[in-house]
file data05.cif (mmCIF, C-alpha atoms)
data_protein
loop_
_atom_site.label_atom_id
_atom_site.label_comp_id
_atom_site.auth_asym_id
_atom_site.auth_seq_id
_atom_site.Cartn_x
_atom_site.Cartn_y
_atom_site.Cartn_z
CA LEU A 1 109.90 98.79 115.38
CA ALA A 2 110.91 101.67 117.65
CA GLY A 3 113.35 99.38 119.48
CA TRP A 4 114.82 98.14 116.22
CA LEU A 5 115.21 101.70 114.86
CA ALA A 6 117.11 102.70 117.99
CA ALA A 7 119.20 99.51 118.22
CA GLU A 8 120.22 99.68 114.56
CA ARG A 9 120.79 103.46 114.68
CA ILE A 10 118.53 104.06 111.72
CA ASP A 11 118.77 107.64 110.40
CA ALA A 12 115.51 107.79 108.43
CA VAL A 13 112.52 105.68 107.47
CA VAL A 14 110.75 105.62 104.11
CA ASP A 15 107.35 103.96 104.40
CA ALA A 16 106.79 102.50 100.93
CA THR A 17 104.08 100.02 101.93
CA HIS A 18 100.86 99.43 99.99
CA PRO A 19 98.52 102.45 99.99
CA PHE A 20 95.99 100.42 102.02
CA ALA A 21 98.51 99.19 104.63
CA ALA A 22 97.17 101.68 107.18
CA ARG A 23 98.21 99.67 110.23
CA MET A 24 101.79 99.38 109.01
CA SER A 25 101.96 103.11 108.23
CA ALA A 26 100.53 103.95 111.67
CA SER A 27 103.17 101.73 113.31
CA ALA A 28 105.94 103.43 111.34
CA ALA A 29 104.61 106.86 112.36
CA GLU A 30 104.41 105.82 116.02
CA ALA A 31 107.94 104.39 115.97
CA SER A 32 109.22 107.53 114.28
CA ALA A 33 107.57 109.75 116.87
CA ARG A 34 108.97 107.66 119.75
CA THR A 35 112.52 107.65 118.45
CA GLY A 36 112.75 110.97 116.63
CA VAL A 37 113.78 109.15 113.45
CA PRO A 38 112.43 111.14 110.48
CA LEU A 39 109.70 109.45 108.43
CA LEU A 40 108.60 109.96 104.84
CA VAL A 41 105.68 108.16 103.20
CA LEU A 42 106.11 107.13 99.56
CA ARG A 43 102.79 106.39 97.81
CA ARG A 44 102.31 105.81 94.12
CA PRO A 45 99.69 108.15 92.67
CA GLY A 46 96.10 106.99 92.89
CA TRP A 47 93.94 106.45 89.85
CA ARG A 48 92.13 109.42 88.37
CA GLU A 49 88.68 109.32 86.84
CA GLY A 50 88.65 110.35 83.20
CA PRO A 51 86.16 110.98 80.41
CA GLY A 52 83.79 108.04 79.99
CA ASP A 53 84.39 106.66 83.49
CA ALA A 54 81.39 105.98 85.75
CA TRP A 55 83.01 105.92 89.18
CA GLN A 56 81.38 106.18 92.57
CA ARG A 57 83.96 106.94 95.26
CA VAL A 58 83.37 105.56 98.74
CA PRO A 59 85.44 105.88 101.92
CA SER A 60 85.43 102.22 102.98
CA LEU A 61 84.79 98.63 101.99
CA GLU A 62 81.65 98.66 104.13
CA GLU A 63 80.33 101.66 102.22
CA ALA A 64 81.13 99.89 98.94
CA ALA A 65 79.02 96.91 100.06
CA ALA A 66 76.20 99.22 101.14
CA ARG A 67 76.33 100.99 97.77
CA LEU A 68 76.15 97.63 95.97
CA ALA A 69 73.10 96.65 98.03
CA GLY A 70 71.29 99.70 96.65
CA MET A 71 72.17 99.05 93.00
CA PRO A 72 70.34 96.87 90.48
CA VAL A 73 73.31 94.53 89.95
CA GLU A 74 73.61 90.76 90.00
CA ARG A 75 77.22 90.02 89.03
CA VAL A 76 80.11 91.85 90.69
CA PHE A 77 83.80 91.94 89.80
CA LEU A 78 85.48 92.29 93.19
CA THR A 79 89.20 93.19 93.23
CA THR A 80 89.56 94.42 96.80
CA GLY A 81 91.68 91.58 98.18
CA ARG A 82 90.94 88.27 99.85
CA ARG A 83 90.60 89.72 103.35
CA SER A 84 87.74 91.97 102.25
CA LEU A 85 85.56 89.11 101.00
CA PRO A 86 83.48 88.76 104.21
CA VAL A 87 82.31 92.37 103.84
CA PHE A 88 80.59 91.50 100.54
CA THR A 89 79.40 87.90 100.94
CA GLY A 90 76.18 88.81 102.76
CA LEU A 91 74.73 90.68 99.78
CA SER A 92 71.44 89.11 98.73
CA GLY A 93 71.02 88.07 95.11
CA VAL A 94 74.59 89.01 94.15
CA TRP A 95 77.21 86.74 92.60
CA LEU A 96 80.85 87.75 93.11
CA LEU A 97 83.87 87.12 90.93
CA ALA A 98 86.59 87.74 93.52
CA ARG A 99 90.06 88.04 92.05
CA SER A 100 93.03 87.89 94.40
CA VAL A 101 96.64 86.83 94.47
CA ASP A 102 96.19 84.50 97.45
CA PRO A 103 93.19 82.30 98.28
CA PRO A 104 90.69 83.58 100.83
CA GLY A 105 90.10 81.74 104.05
CA ALA A 106 87.57 78.91 103.99
CA PRO A 107 84.72 78.53 103.71
CA VAL A 108 84.04 80.45 100.51
CA PRO A 109 80.29 81.10 100.11
CA ALA A 110 78.44 79.55 97.17
CA ASN A 111 77.78 82.96 95.60
CA VAL A 112 81.53 83.59 95.22
CA HIS A 113 83.83 82.41 92.46
CA VAL A 114 87.49 82.98 93.37
CA LEU A 115 89.91 83.69 90.55
CA LEU A 116 93.54 83.43 91.70
CA ASP A 117 95.66 85.62 89.46
CA ARG A 118 98.42 88.20 89.58
CA GLY A 119 98.92 91.17 87.26
CA PRO A 120 99.97 92.76 85.14
CA TYR A 121 96.71 92.55 83.23
CA THR A 122 95.82 93.70 79.73
CA VAL A 123 92.77 95.67 78.65
CA GLU A 124 91.90 92.90 76.20
CA GLY A 125 92.09 90.27 78.93
CA GLU A 126 90.03 92.33 81.37
CA ARG A 127 87.42 93.07 78.69
CA ALA A 128 87.15 89.35 77.92
CA LEU A 129 86.85 88.48 81.61
CA ILE A 130 84.07 91.04 82.15
CA ARG A 131 82.15 89.75 79.13
CA GLU A 132 82.70 86.06 79.91
CA HIS A 133 81.28 86.45 83.42
CA ARG A 134 78.61 88.99 82.40
CA LEU A 135 79.72 91.38 85.15
CA ASP A 136 77.55 94.39 86.06
CA VAL A 137 79.92 96.43 88.21
CA LEU A 138 83.57 96.59 89.30
CA VAL A 139 84.46 97.15 92.95
CA THR A 140 88.10 98.00 93.57
CA LYS A 141 90.43 99.88 95.90
CA ASP A 142 92.32 102.95 94.69
CA SER A 143 95.69 101.25 94.83
CA GLY A 144 97.05 103.11 91.82
CA GLY A 145 99.74 101.64 89.61
CA GLU A 146 99.85 100.25 86.12
CA MET A 147 99.84 96.51 86.88
CA THR A 148 96.12 96.44 87.61
CA ALA A 149 94.85 99.60 85.83
CA ALA A 150 93.65 97.66 82.78
CA LYS A 151 90.42 96.73 84.59
CA LEU A 152 89.53 100.42 84.73
CA ALA A 153 90.14 100.92 81.01
CA ALA A 154 88.03 97.84 80.22
CA ALA A 155 85.25 99.07 82.52
CA ARG A 156 85.31 102.43 80.73
CA GLU A 157 85.12 100.77 77.30
CA LEU A 158 82.22 98.56 78.38
CA ALA A 159 80.38 101.35 80.28
CA LEU A 160 80.70 99.32 83.47
CA PRO A 161 80.17 101.32 86.67
CA VAL A 162 83.05 101.31 89.17
CA ILE A 163 82.81 101.58 92.93
CA MET A 164 86.21 102.95 93.97
CA VAL A 165 87.24 102.62 97.61
CA ASP A 166 89.36 105.61 98.59
CA ARG A 167 92.71 105.17 100.30
CA PRO A 168 92.96 105.59 104.04
CA PRO A 169 94.66 108.86 104.93
CA PRO A 170 98.34 108.76 105.85
CA PRO A 171 99.25 109.27 109.50
CA PRO A 172 98.79 112.90 110.54
CA GLY A 173 101.76 115.19 110.22
CA VAL A 174 103.76 112.87 107.94
CA ARG A 175 105.07 114.13 104.61
CA VAL A 176 103.86 112.12 101.61
CA VAL A 177 105.55 112.00 98.20
CA ASP A 178 104.68 110.07 95.06
CA ALA A 179 108.06 109.67 93.34
CA VAL A 180 110.91 107.32 94.23
CA ALA A 181 113.47 109.95 93.19
CA VAL A 182 112.02 112.43 95.67
CA ALA A 183 112.09 109.84 98.45
CA ALA A 184 115.67 108.87 97.58
CA ALA A 185 116.79 112.51 97.62
CA TRP A 186 115.08 113.01 101.00
CA ALA A 187 116.74 109.89 102.45
CA GLN A 188 120.18 111.05 101.27
CA GLY A 189 119.73 114.25 103.23
#
call {"tool": "encode", "arguments": {"input": "data05.cif", "output": "structure tokens"}}
result
Amino acid sequence: LAGWLAAERIDAVVDATHPFAARMSASAAEASARTGVPLLVLRRPGWREGPGDAWQRVPSLEEAAARLAGMPVERVFLTTGRRSLPVFTGLSGVWLLARSVDPPGAPVPANVHVLLDRGPYTVEGERALIREHRLDVLVTKDSGGEMTAAKLAAARELALPVIMVDRPPPPPGVRVVDAVAVAAAWAQG
């Protein structure tokens, strides 16, 4: 990336990757530092807990799995992405409904049902899904955004606890904004 920035004479970089794309953000920060090309991180706002929510915030997927192991739950709604599935499949006595856009790598354990789907979702649809599968808890990453927020509203309505995995911090020393207009103004100088 640093070589490309220099070769293409890039004036500025806006890192608008997914809030959990920590490796990509770290690479952008390293390339920026090497080349002196200014970097700005654009992140949509994270979700905020509101009245009636029963969230438990954790710093990592591993901590989310450990928290689940200590809870009296049997049926988990897992929306943390296909690559995170191995972190959760070793839980004893737990069945997982794992929703993702792309299929996970094989083999998928017997205690996992994979639901391939892409948002946006509706509160009505999420409520129906939670009831149909008799889910006890929702585990999700704080990605923010409206396309997948309906699961949180449905969990609130159904008094379903939520284990919320916090975002990784942005690279140190990098300015972070949460509005496209702010990023565009910065990029224009």
call {"tool": "residues_around", "arguments": {"input": "data05.cif", "residues": "Gly189 of chain A", "least_positions_apart": "4", "cutoff": "10 Å", "atoms": "all atoms listed in the file", "output": "JSON, numbers by chain"}}
result
{"A": [11, 12, 184, 185]}
call {"tool": "residues_near_point", "arguments": {"input": "data05.cif", "point": "(91.7, 102.5, 83.7)", "cutoff": "12 Å", "atoms": "all atoms listed in the file", "output": "JSON, numbers by chain"}}
result
{"A": [46, 47, 48, 49, 50, 51, 52, 53, 54, 55, 121, 122, 123, 126, 127, 138, 140, 142, 143, 144, 145, 146, 147, 148, 149, 150, 151, 152, 153, 154, 155, 156, 157, 158, 159, 160, 161, 162, 164]}
call {"tool": "closest_residue", "arguments": {"input": "data05.cif", "among": "A:Met24, A:Val177, A:Trp186, A:Lys141", "to": "Thr80 of chain A", "atoms": "all atoms listed in the file"}}
result
A:Lys141
call {"tool": "resolve_selection", "arguments": {"input": "data05.cif", "expression": "the PyMOL selection byres ((chain A and resi 110-115) around 10)", "output": "ChimeraX atom specification"}}
result
/A:75-79,82,85,88-104,107-109,116-118
call {"tool": "residues_around", "arguments": {"input": "data05.cif", "residues": "Trp4 of chain A", "least_positions_apart": "3", "cutoff": "12 Å", "atoms": "only C-alpha atoms", "output": "ChimeraX atom specification"}}
result
/A:1,7-11,13,28,31-32,34-35,37
call {"tool": "atom_distance", "arguments": {"input": "data05.cif", "atom1": "atom CA of Arg167 of chain A", "atom2": "atom CA of Ala16 of chain A"}}
result
14.3 Å
call {"tool": "closest_residue", "arguments": {"input": "data05.cif", "among": "A:Pro19, A:Pro59, A:Gly105, A:Pro168", "to": "Pro45 of chain A", "atoms": "all atoms listed in the file"}}
result
A:Pro19
call {"tool": "residues_near_point", "arguments": {"input": "data05.cif", "point": "(74.7, 98.3, 102.5)", "cutoff": "12 Å", "atoms": "only C-alpha atoms", "output": "PDB file with C-alpha atoms, keeping the file's coordinate frame"}}
result
ATOM      1  CA  VAL A  58      83.370 105.560  98.740  1.00  0.00           C
ATOM      2  CA  SER A  60      85.430 102.220 102.980  1.00  0.00           C
ATOM      3  CA  LEU A  61      84.790  98.630 101.990  1.00  0.00           C
ATOM      4  CA  GLU A  62      81.650  98.660 104.130  1.00  0.00           C
ATOM      5  CA  GLU A  63      80.330 101.660 102.220  1.00  0.00           C
ATOM      6  CA  ALA A  64      81.130  99.890  98.940  1.00  0.00           C
ATOM      7  CA  ALA A  65      79.020  96.910 100.060  1.00  0.00           C
ATOM      8  CA  ALA A  66      76.200  99.220 101.140  1.00  0.00           C
ATOM      9  CA  ARG A  67      76.330 100.990  97.770  1.00  0.00           C
ATOM     10  CA  LEU A  68      76.150  97.630  95.970  1.00  0.00           C
ATOM     11  CA  ALA A  69      73.100  96.650  98.030  1.00  0.00           C
ATOM     12  CA  GLY A  70      71.290  99.700  96.650  1.00  0.00           C
ATOM     13  CA  MET A  71      72.170  99.050  93.000  1.00  0.00           C
ATOM     14  CA  VAL A  87      82.310  92.370 103.840  1.00  0.00           C
ATOM     15  CA  PHE A  88      80.590  91.500 100.540  1.00  0.00           C
ATOM     16  CA  THR A  89      79.400  87.900 100.940  1.00  0.00           C
ATOM     17  CA  GLY A  90      76.180  88.810 102.760  1.00  0.00           C
ATOM     18  CA  LEU A  91      74.730  90.680  99.780  1.00  0.00           C
ATOM     19  CA  SER A  92      71.440  89.110  98.730  1.00  0.00           C
TER      20      SER A  92
END
call {"tool": "residues_around", "arguments": {"input": "data05.cif", "residues": "segment 172-175 of chain A", "least_positions_apart": "6", "cutoff": "7 Å", "atoms": "all atoms listed in the file", "output": "list of chain:residue names"}}
result
A:Leu39, A:Leu40, A:Val41
call {"tool": "build_atoms", "arguments": {"input": "data05.cif", "residues": "segment 79-95 of chain A", "atoms": "N, CA, C and O atoms", "output": "mmCIF file, in the coordinates of the input"}}
result
data_model
loop_
_atom_site.group_PDB
_atom_site.id
_atom_site.type_symbol
_atom_site.label_atom_id
_atom_site.label_comp_id
_atom_site.auth_asym_id
_atom_site.auth_seq_id
_atom_site.Cartn_x
_atom_site.Cartn_y
_atom_site.Cartn_z
ATOM 1 N N THR A 79 87.727 93.242 93.240
ATOM 2 C CA THR A 79 89.200 93.190 93.230
ATOM 3 C C THR A 79 89.735 93.973 94.433
ATOM 4 O O THR A 79 90.641 94.789 94.297
ATOM 5 N N THR A 80 89.195 93.692 95.591
ATOM 6 C CA THR A 80 89.560 94.420 96.800
ATOM 7 C C THR A 80 90.434 93.592 97.752
ATOM 8 O O THR A 80 90.721 94.043 98.855
ATOM 9 N N GLY A 81 90.818 92.415 97.343
ATOM 10 C CA GLY A 81 91.680 91.580 98.180
ATOM 11 C C GLY A 81 90.911 90.518 98.943
ATOM 12 O O GLY A 81 89.746 90.678 99.276
ATOM 13 N N ARG A 82 91.587 89.433 99.229
ATOM 14 C CA ARG A 82 90.940 88.270 99.850
ATOM 15 C C ARG A 82 90.403 88.556 101.244
ATOM 16 O O ARG A 82 89.410 87.982 101.663
ATOM 17 N N ARG A 83 91.047 89.443 101.975
ATOM 18 C CA ARG A 83 90.600 89.720 103.350
ATOM 19 C C ARG A 83 89.312 90.529 103.376
ATOM 20 O O ARG A 83 88.642 90.579 104.400
ATOM 21 N N SER A 84 88.961 91.160 102.280
ATOM 22 C CA SER A 84 87.740 91.970 102.250
ATOM 23 C C SER A 84 86.500 91.146 101.892
ATOM 24 O O SER A 84 85.381 91.631 102.017
ATOM 25 N N LEU A 85 86.679 89.930 101.473
ATOM 26 C CA LEU A 85 85.560 89.110 101.000
ATOM 27 C C LEU A 85 84.398 89.031 101.987
ATOM 28 O O LEU A 85 83.239 89.169 101.578
ATOM 29 N N PRO A 86 84.617 88.847 103.292
ATOM 30 C CA PRO A 86 83.480 88.760 104.210
ATOM 31 C C PRO A 86 82.581 90.004 104.220
ATOM 32 O O PRO A 86 81.391 89.901 104.502
ATOM 33 N N VAL A 87 83.117 91.150 103.875
ATOM 34 C CA VAL A 87 82.310 92.370 103.840
ATOM 35 C C VAL A 87 81.226 92.277 102.771
ATOM 36 O O VAL A 87 80.146 92.839 102.920
ATOM 37 N N PHE A 88 81.488 91.536 101.700
ATOM 38 C CA PHE A 88 80.590 91.500 100.540
ATOM 39 C C PHE A 88 79.746 90.235 100.445
ATOM 40 O O PHE A 88 78.784 90.210 99.688
ATOM 41 N N THR A 89 80.077 89.183 101.156
ATOM 42 C CA THR A 89 79.400 87.900 100.940
ATOM 43 C C THR A 89 77.959 87.859 101.446
ATOM 44 O O THR A 89 77.214 86.974 101.069
ATOM 45 N N GLY A 90 77.553 88.811 102.261
ATOM 46 C CA GLY A 90 76.180 88.810 102.760
ATOM 47 C C GLY A 90 75.184 89.502 101.843
ATOM 48 O O GLY A 90 74.001 89.570 102.164
ATOM 49 N N LEU A 91 75.635 89.986 100.700
ATOM 50 C CA LEU A 91 74.730 90.680 99.780
ATOM 51 C C LEU A 91 73.748 89.691 99.163
ATOM 52 O O LEU A 91 74.151 88.681 98.590
ATOM 53 N N SER A 92 72.500 89.996 99.242
ATOM 54 C CA SER A 92 71.440 89.110 98.730
ATOM 55 C C SER A 92 71.312 89.235 97.216
ATOM 56 O O SER A 92 71.274 90.346 96.676
ATOM 57 N N GLY A 93 71.255 88.090 96.552
ATOM 58 C CA GLY A 93 71.020 88.070 95.110
ATOM 59 C C GLY A 93 72.208 88.520 94.281
ATOM 60 O O GLY A 93 72.042 88.854 93.108
ATOM 61 N N VAL A 94 73.401 88.542 94.855
ATOM 62 C CA VAL A 94 74.590 89.010 94.150
ATOM 63 C C VAL A 94 75.598 87.877 94.047
ATOM 64 O O VAL A 94 75.869 87.182 95.022
ATOM 65 N N TRP A 95 76.140 87.694 92.843
ATOM 66 C CA TRP A 95 77.210 86.740 92.600
ATOM 67 C C TRP A 95 78.501 87.523 92.469
ATOM 68 O O TRP A 95 78.541 88.575 91.822
#
